[in-house]
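**Student:** The following block contains the structure, expressed as structure tokens.
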Amino acid sequence: MRSRIVFAASGIIIFLLLQTTILEYIEINNIKPNLLLVFIVSVALLRGNLEGAVNGFFAGLTWDIVSGKVIGFYALLGMYLGLVVGSLNKRIYRDNIFVALFFTFSSSIVYETVVYFFGVFLKGNTDYINSFTKIIFPEALYNTASAILIFYIVVRADRRINKAQKLLRKY
Amino acid sequence: MLHLLKKKPFIILLVTIVLFIVMGITSKYNSKLGWFGNLFNTIVSPIQNVLTFTGNKVDRTLSYFNDNKKIREENDNLKKRIDELEKENEDLKELKTRNDMLLEALNIKNQLKEFDYISTNIIAKDPGNWFNIFTIDKGSTNAVNNNSVVVASKGLVGRVMVSGPFSAKVISIIDIDSSVSARLTKNRGLVDVKGDITLRDQGLCKMYNIDPGVDIAVGDSVETSGVGGIFPKGIKIGEIKEIRQVNNELDRYAIIEPAVDFNRLEDVFVLKSKK
């Protein structure tokens with residue numbers, strides 16, 4: 001359990017630091033991927049809804065602290081994202097990469113649409129199509145591409161932790 | 001009552017309600033919950049500082065090899081330009097002393113002279129693709145407070161949204177939640193400058209509330225008006241790039257190209273009142 005918490009916490013911190021500092025160098029058309037979202041989805045797929053929701057909550061909270069205009073918005077969003085994706089994971093092949101890519105893509109679109117609705121739409125900009133083609137869709141594609149790497153890392157770490165715990169139980 | 005606490009939906013509902021309350025509290029200005037964010041930012045900001053610094057260094061080293069020829073050409077041009085400017089500078093110095101004398105005689109104060117400039121680095125950019133909030137490496141220990149004004153060498157950048165002890169969050173003028181009261185340098189007409197979601201990625205912003213009687217043209221310079229009390233009077237914002245009519249001749253807005261290039265922002269200054 002402790003190793004899982006350490007893994008999740010270090011994952012959140014590392015992806016947040018990358019996100020805020022050197023990710024701007026790999027921007028395409030001023031769009032950068034959302035690594036934390038991919039991390040939330042990957043952990044939720046592998047570990048189920050409880051861990052997914054807790055992980056999503058803390059990942060969102062750090063995002064709130066770094067960039068949010070209020071504290072709690074991204075935390076709430078992250079929590080529900082982890083919860084929903086984690087609840088769906090019992091019926092599918094969890095560590096299949098294509099399942100992960102599909103979930104990353106669709107949850108990126110839903111997540112960013114919610115951010116658009118509360119952050120932009122309610123403030124008077126009602127041109128959803130423009131925002132969708134310029135920001136949401138390219139970002140979802142970019143997220144999906146980065147999910148290949150992040151999901152691989154999360155799967156590897158998960159297997160290693162599982163193995164270590166099995167060894168512990170033996171003795 | 002206690003058995004409720006063991007059920008997942010109940011916990012989720014509870015967390016949701018608590019978060020809504022937290023959102024309500026923190027959306028208010030100067031809330032007390034800021035210490036929590038400050039603590040986190042204080043831990044994280046040194047690491048961000050190192051990462052951004054290395055990123056910039058690597059970027060510069062890579063471009064070093066490409067730019068060599070271009071730089072040589074530019075250097076020659078700049079040398080010529082320096083000669084011209086030095087000549088011009090001499091004339092302007094004379095004008096400045098005369099201007100200062102006249103201003104003093106007429107008792108007109110330049111608001112910007114009442115400020116000190118605190119030099120800061122940007123250590124973190126906005127993580128997402130919607131907004132434009134960044135973090136700087138000085139905080140309330142260096143007299144960077146909430147609503148301090150942030151400028152770059154060329155013009156206005158934004159204002160401090162939340163300041164922690166060693167870092168501060170800055171909301172730039174191209175963010176959609178930013179609104180600056182401005183006026184045209186040419187004829188003193190009052191306008192509003194706001195960020196716009198479709199213009200954000202190009203680093204542009206929008207100018208609203210243009211009085212029908214005011215004469216504007218492409219290329220006109222826009223500066224802060226001092227109305228509202230956050231931004232002092234007379235900081236350059238940018239130039240009008242395009243004027244668009246909405247429905248009729250009287251209803252129009254303009255697109256402003258800020259004097260600051262928001263895609264390549266590294267060092268900024270925070271204004272600190274001398275008093």
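Labels for the structure tokens follow display order: chains A, B, ..., residues from 1 in each chain, ligands from 1.
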Write down, as a short mmCIF file (atom, residue, chain, number, x, y, z; two decimals) with C-alpha atoms, in the first residue's frame, each residue of chain B that has any atom within 7 Å of an atom of chain A, counting only C-alpha atoms.
**Tutor:**
data_model
loop_
_atom_site.label_atom_id
_atom_site.label_comp_id
_atom_site.auth_asym_id
_atom_site.auth_seq_id
_atom_site.Cartn_x
_atom_site.Cartn_y
_atom_site.Cartn_z
CA THR B 16 -18.20 17.16 -3.53
CA LEU B 19 -15.13 21.14 -2.52
CA VAL B 22 -13.89 25.54 -0.78
CA MET B 23 -14.46 26.88 -4.30
CA THR B 26 -11.36 30.74 -2.55
CA SER B 27 -13.18 32.54 -5.33
CA GLY B 37 -1.52 26.59 -1.86
CA GLN B 48 10.26 24.48 -11.24
CA LEU B 51 13.64 22.91 -14.69
CA THR B 52 12.66 26.12 -16.47
CA GLY B 55 14.90 24.22 -20.44
CA ALA B 124 6.21 28.01 -14.45
CA LYS B 125 3.81 28.46 -17.35
CA ASP B 126 0.16 27.54 -17.37
CA PRO B 127 -0.19 23.75 -17.50
CA GLY B 128 -3.37 23.74 -19.59
CA ASN B 129 -4.47 25.04 -22.95
CA ILE B 133 -1.61 32.13 -15.71
CA ASP B 201 -2.94 31.24 -28.80
#
**Student:** Residues at most 10 Å from segment 227-231 of chain B, counting only C-alpha atoms, excluding those fewer than 3 positions away in the same chain, as a ChimeraX atom specification?
**Tutor:** /B:147-150,156,158-159,180-183,190,224,234-235,271
**Student:** Output N, CA and C atoms of each residue in that selection to a file, as a short mmCIF file (atom, residue, chain, number, x, y, z; two decimals), in the first residue's frame.
**Tutor:**
data_model
loop_
_atom_site.label_atom_id
_atom_site.label_comp_id
_atom_site.auth_asym_id
_atom_site.auth_seq_id
_atom_site.Cartn_x
_atom_site.Cartn_y
_atom_site.Cartn_z
N ASN B 147 -2.48 41.81 -6.59
CA ASN B 147 -2.79 42.97 -7.42
C ASN B 147 -1.60 43.87 -7.73
N SER B 148 -0.38 43.41 -7.42
CA SER B 148 0.78 44.14 -7.91
C SER B 148 0.77 44.07 -9.44
N VAL B 149 1.26 45.12 -10.08
CA VAL B 149 1.23 45.16 -11.54
C VAL B 149 2.51 44.57 -12.11
N VAL B 150 2.37 43.75 -13.14
CA VAL B 150 3.53 43.10 -13.75
C VAL B 150 3.74 43.66 -15.15
N LEU B 156 2.72 46.28 -20.73
CA LEU B 156 1.99 45.63 -19.65
C LEU B 156 1.90 44.11 -19.86
N GLY B 158 0.46 41.94 -16.92
CA GLY B 158 -0.73 41.52 -16.19
C GLY B 158 -0.65 41.96 -14.74
N ARG B 159 -1.38 41.23 -13.89
CA ARG B 159 -1.30 41.56 -12.47
C ARG B 159 -1.18 40.29 -11.65
N VAL B 180 -8.79 45.07 -18.47
CA VAL B 180 -8.00 46.25 -18.15
C VAL B 180 -8.68 47.47 -18.73
N SER B 181 -8.83 48.49 -17.90
CA SER B 181 -9.36 49.74 -18.43
C SER B 181 -8.23 50.47 -19.15
N ALA B 182 -8.48 50.82 -20.40
CA ALA B 182 -7.41 51.40 -21.21
C ALA B 182 -7.90 52.65 -21.92
N ARG B 183 -6.98 53.33 -22.57
CA ARG B 183 -7.40 54.44 -23.42
C ARG B 183 -6.44 54.59 -24.59
N LEU B 190 -11.71 56.34 -23.75
CA LEU B 190 -11.64 55.21 -22.82
C LEU B 190 -12.19 53.94 -23.46
N THR B 224 -2.71 51.97 -20.53
CA THR B 224 -3.63 51.86 -19.39
C THR B 224 -4.15 53.24 -19.02
N GLY B 234 -0.81 55.10 -17.92
CA GLY B 234 0.26 55.34 -18.89
C GLY B 234 1.20 54.21 -19.19
N ILE B 235 0.85 52.95 -18.85
CA ILE B 235 1.69 51.82 -19.27
C ILE B 235 1.22 51.37 -20.64
N LEU B 271 5.90 46.05 -10.34
CA LEU B 271 5.96 47.43 -9.87
C LEU B 271 5.73 47.46 -8.37
#
**Student:** From a DSSP calculation on the backbone, collect every residue of segment 136-254 of chain B in strand (DSSP E) and output the set as a ChimeraX atom specification.
**Tutor:** /B:136,149-151,156-163,168-172,179-184,190-194,205-208,221-224,236-245,252-254
**Student:** Using the selection just defined, write its residues with N, CA and C atoms as a compact mmCIF listing (two decimals), in the first residue's frame.
**Tutor:**
# COMPACT_ATOMS: atom_id res chain seq x y z
N ILE B 136 5.78 33.40 -10.94
CA ILE B 136 7.07 34.08 -10.90
C ILE B 136 7.78 33.75 -9.59
N VAL B 149 1.26 45.12 -10.08
CA VAL B 149 1.23 45.16 -11.54
C VAL B 149 2.51 44.57 -12.11
N VAL B 150 2.37 43.75 -13.14
CA VAL B 150 3.53 43.10 -13.75
C VAL B 150 3.74 43.66 -15.15
N VAL B 151 4.95 44.10 -15.43
CA VAL B 151 5.24 44.64 -16.76
C VAL B 151 6.50 43.96 -17.31
N LEU B 156 2.72 46.28 -20.73
CA LEU B 156 1.99 45.63 -19.65
C LEU B 156 1.90 44.11 -19.86
N VAL B 157 2.10 43.35 -18.78
CA VAL B 157 1.96 41.89 -18.84
C VAL B 157 0.69 41.44 -18.13
N GLY B 158 0.46 41.94 -16.92
CA GLY B 158 -0.73 41.52 -16.19
C GLY B 158 -0.65 41.96 -14.74
N ARG B 159 -1.38 41.23 -13.89
CA ARG B 159 -1.30 41.56 -12.47
C ARG B 159 -1.18 40.29 -11.65
N VAL B 160 -0.69 40.45 -10.41
CA VAL B 160 -0.52 39.30 -9.53
C VAL B 160 -1.89 38.89 -9.01
N MET B 161 -2.21 37.59 -9.17
CA MET B 161 -3.51 37.10 -8.73
C MET B 161 -3.43 36.65 -7.27
N VAL B 162 -2.49 35.78 -6.97
CA VAL B 162 -2.27 35.33 -5.59
C VAL B 162 -0.77 35.36 -5.34
N SER B 163 -0.36 35.91 -4.21
CA SER B 163 1.07 35.89 -3.93
C SER B 163 1.34 35.08 -2.68
N ALA B 168 4.56 33.84 -6.84
CA ALA B 168 3.27 34.49 -7.03
C ALA B 168 2.68 34.05 -8.36
N LYS B 169 1.34 33.94 -8.39
CA LYS B 169 0.64 33.61 -9.62
C LYS B 169 0.25 34.90 -10.33
N VAL B 170 0.56 34.99 -11.59
CA VAL B 170 0.26 36.20 -12.37
C VAL B 170 -0.76 35.86 -13.44
N ILE B 171 -1.81 36.68 -13.56
CA ILE B 171 -2.78 36.50 -14.63
C ILE B 171 -2.46 37.52 -15.71
N SER B 172 -2.20 37.04 -16.93
CA SER B 172 -1.75 37.96 -17.97
C SER B 172 -2.96 38.59 -18.68
N SER B 179 -9.39 41.87 -17.40
CA SER B 179 -10.00 43.04 -18.02
C SER B 179 -9.24 44.28 -17.55
N VAL B 180 -8.79 45.07 -18.47
CA VAL B 180 -8.00 46.25 -18.15
C VAL B 180 -8.68 47.47 -18.73
N SER B 181 -8.83 48.49 -17.90
CA SER B 181 -9.36 49.74 -18.43
C SER B 181 -8.23 50.47 -19.15
N ALA B 182 -8.48 50.82 -20.40
CA ALA B 182 -7.41 51.40 -21.21
C ALA B 182 -7.90 52.65 -21.92
N ARG B 183 -6.98 53.33 -22.57
CA ARG B 183 -7.40 54.44 -23.42
C ARG B 183 -6.44 54.59 -24.59
N LEU B 184 -6.92 55.27 -25.62
CA LEU B 184 -6.10 55.48 -26.79
C LEU B 184 -5.14 56.62 -26.50
N LEU B 190 -11.71 56.34 -23.75
CA LEU B 190 -11.64 55.21 -22.82
C LEU B 190 -12.19 53.94 -23.46
N VAL B 191 -11.49 52.82 -23.27
CA VAL B 191 -11.93 51.52 -23.77
C VAL B 191 -11.61 50.44 -22.73
N ASP B 192 -12.06 49.21 -23.00
CA ASP B 192 -11.70 48.06 -22.16
C ASP B 192 -10.90 47.07 -22.99
N VAL B 193 -9.85 46.53 -22.39
CA VAL B 193 -9.07 45.50 -23.06
C VAL B 193 -9.27 44.17 -22.33
N LYS B 194 -9.73 43.17 -23.07
CA LYS B 194 -9.99 41.86 -22.45
C LYS B 194 -9.32 40.77 -23.24
N CYS B 205 -5.24 40.26 -27.88
CA CYS B 205 -6.44 40.44 -27.06
C CYS B 205 -7.42 41.40 -27.74
N LYS B 206 -8.58 41.59 -27.10
CA LYS B 206 -9.67 42.30 -27.74
C LYS B 206 -9.91 43.64 -27.05
N MET B 207 -10.41 44.61 -27.78
CA MET B 207 -10.73 45.91 -27.21
C MET B 207 -12.23 46.15 -27.35
N TYR B 208 -12.91 46.34 -26.22
CA TYR B 208 -14.35 46.50 -26.22
C TYR B 208 -14.74 47.93 -25.84
N SER B 221 -1.87 53.42 -30.80
CA SER B 221 -1.31 52.83 -29.59
C SER B 221 -2.31 52.93 -28.44
N VAL B 222 -2.34 51.90 -27.60
CA VAL B 222 -3.27 51.83 -26.48
C VAL B 222 -2.49 51.72 -25.18
N GLU B 223 -2.90 52.46 -24.16
CA GLU B 223 -2.19 52.40 -22.87
C GLU B 223 -3.20 52.30 -21.73
N THR B 224 -2.71 51.97 -20.53
CA THR B 224 -3.63 51.86 -19.39
C THR B 224 -4.15 53.24 -19.02
N LYS B 236 2.15 51.18 -21.54
CA LYS B 236 1.76 50.78 -22.90
C LYS B 236 1.20 49.36 -22.92
N ILE B 237 0.06 49.17 -23.60
CA ILE B 237 -0.49 47.83 -23.73
C ILE B 237 -0.14 47.26 -25.10
N GLY B 238 -0.40 48.01 -26.14
CA GLY B 238 -0.08 47.51 -27.47
C GLY B 238 -0.63 48.41 -28.55
N GLU B 239 -0.77 47.83 -29.74
CA GLU B 239 -1.29 48.60 -30.87
C GLU B 239 -2.50 47.90 -31.47
N ILE B 240 -3.37 48.71 -32.07
CA ILE B 240 -4.55 48.13 -32.73
C ILE B 240 -4.11 47.42 -34.00
N LYS B 241 -4.55 46.15 -34.14
CA LYS B 241 -4.12 45.37 -35.29
C LYS B 241 -5.21 45.32 -36.34
N GLU B 242 -6.45 45.32 -35.87
CA GLU B 242 -7.56 45.12 -36.79
C GLU B 242 -8.82 45.69 -36.14
N ILE B 243 -9.69 46.32 -36.93
CA ILE B 243 -10.96 46.81 -36.39
C ILE B 243 -12.09 46.03 -37.06
N ARG B 244 -13.03 45.53 -36.22
CA ARG B 244 -14.11 44.73 -36.80
C ARG B 244 -15.45 45.33 -36.43
N GLN B 245 -16.35 45.41 -37.39
CA GLN B 245 -17.72 45.84 -37.14
C GLN B 245 -18.53 44.62 -36.78
N ARG B 252 -18.62 48.07 -32.65
CA ARG B 252 -17.37 47.54 -33.20
C ARG B 252 -16.43 47.15 -32.08
N TYR B 253 -15.51 46.27 -32.41
CA TYR B 253 -14.44 45.97 -31.48
C TYR B 253 -13.14 45.90 -32.25
N ALA B 254 -12.03 45.96 -31.53
CA ALA B 254 -10.74 45.95 -32.21
C ALA B 254 -9.87 44.85 -31.63
**Student:** Write out as a JSON list (two decimals) with N, CA and C atoms, in the first residue's frame the residues lying within 8 Å of Tyr117 of chain B, counting only C-alpha atoms and excluding same-chain residues fewer than 2 positions away.
**Tutor:**
[["chain", "number", "residue", "atom", "x", "y", "z"],
["B", 115, "PHE", "N", 7.23, 54.36, -8.90],
["B", 115, "PHE", "CA", 7.38, 52.92, -8.67],
["B", 115, "PHE", "C", 8.84, 52.48, -8.80],
["B", 119, "SER", "N", 12.83, 42.90, -10.33],
["B", 119, "SER", "CA", 13.06, 41.98, -11.44],
["B", 119, "SER", "C", 12.76, 40.54, -11.01],
["B", 269, "PHE", "N", 8.98, 42.38, -14.72],
["B", 269, "PHE", "CA", 9.19, 43.25, -13.59],
["B", 269, "PHE", "C", 7.88, 43.47, -12.85],
["B", 270, "VAL", "N", 7.97, 43.53, -11.53],
["B", 270, "VAL", "CA", 6.81, 43.84, -10.73],
["B", 270, "VAL", "C", 6.96, 45.25, -10.23],
["B", 271, "LEU", "N", 5.90, 46.05, -10.34],
["B", 271, "LEU", "CA", 5.96, 47.43, -9.87],
["B", 271, "LEU", "C", 5.73, 47.46, -8.37],
["B", 272, "LYS", "N", 6.58, 48.25, -7.69],
["B", 272, "LYS", "CA", 6.43, 48.37, -6.23],
["B", 272, "LYS", "C", 6.42, 49.85, -5.92]]
**Student:** Name the residues of segment 28-275 of chain B that come out as helix (DSSP H, G or I) in a backbone DSSP run; write them as a ChimeraX atom specification.
**Tutor:** /B:34-106,111-114,140-142,200-202,262-264
**Student:** If you measure from atom CA of Phe131 of chain B to atom CA of Asp175 of chain B, what distance in Å do you get, rounded to one decimal?
**Tutor:**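 Atom CA of Asp175 of chain B lies 5.5 Å from atom CA of Phe131 of chain B.
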**Student:** So that I can see what lies close to Gly56 of chain A, please list as a list in words the residues with an atom at most 6 Å from it, counting only C-alpha atoms and leaving out residues fewer than 6 positions away in the same chain.
**Tutor:** Ile40, Gly78, Met79 and Gly82 of chain A
**Student:** So the first atom is atom CA of Phe10 of chain B and the second is atom CA of Leu81 of chain A; what is the distance between them in Å, to one decimal place?
**Tutor:**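 Atom-to-atom, atom CA of Phe10 of chain B and atom CA of Leu81 of chain A are spaced 17.3 Å apart.
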**Student:** Quick one: residues within 12 Å of Glu114 of chain B, only C-alpha atoms counted, chain neighbours fewer than 6 positions away excluded, as a PyMOL selection string?
**Tutor:** chain B and resi 232-233+271-275
**Student:** Determine the nearest neighbour of Leu45 of chain A from the options A:Asn96, A:Ser10, A:Ser3, A:Ser108, counting only C-alpha atoms.
**Tutor:**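 Checking each candidate against Leu45 of chain A, we get A:Asn96 as the closest.
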**Student:** Would you kindly return, as a PyMOL selection string, each protein, DNA or RNA residue with an atom no farther than 12 Å from any atom of Gly52 of chain A, considering only C-alpha atoms and excluding same-chain residues fewer than 3 positions away?
**Tutor:** chain A and resi 4-5+8+37-49+55-60+78-89
**Student:** At what distance in Å, to one decimal, does atom CA of Leu14 of chain B lie from atom CA of Phe118 of chain A?
**Tutor:**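 Atom CA of Phe118 of chain A sits 21.5 Å away from atom CA of Leu14 of chain B.
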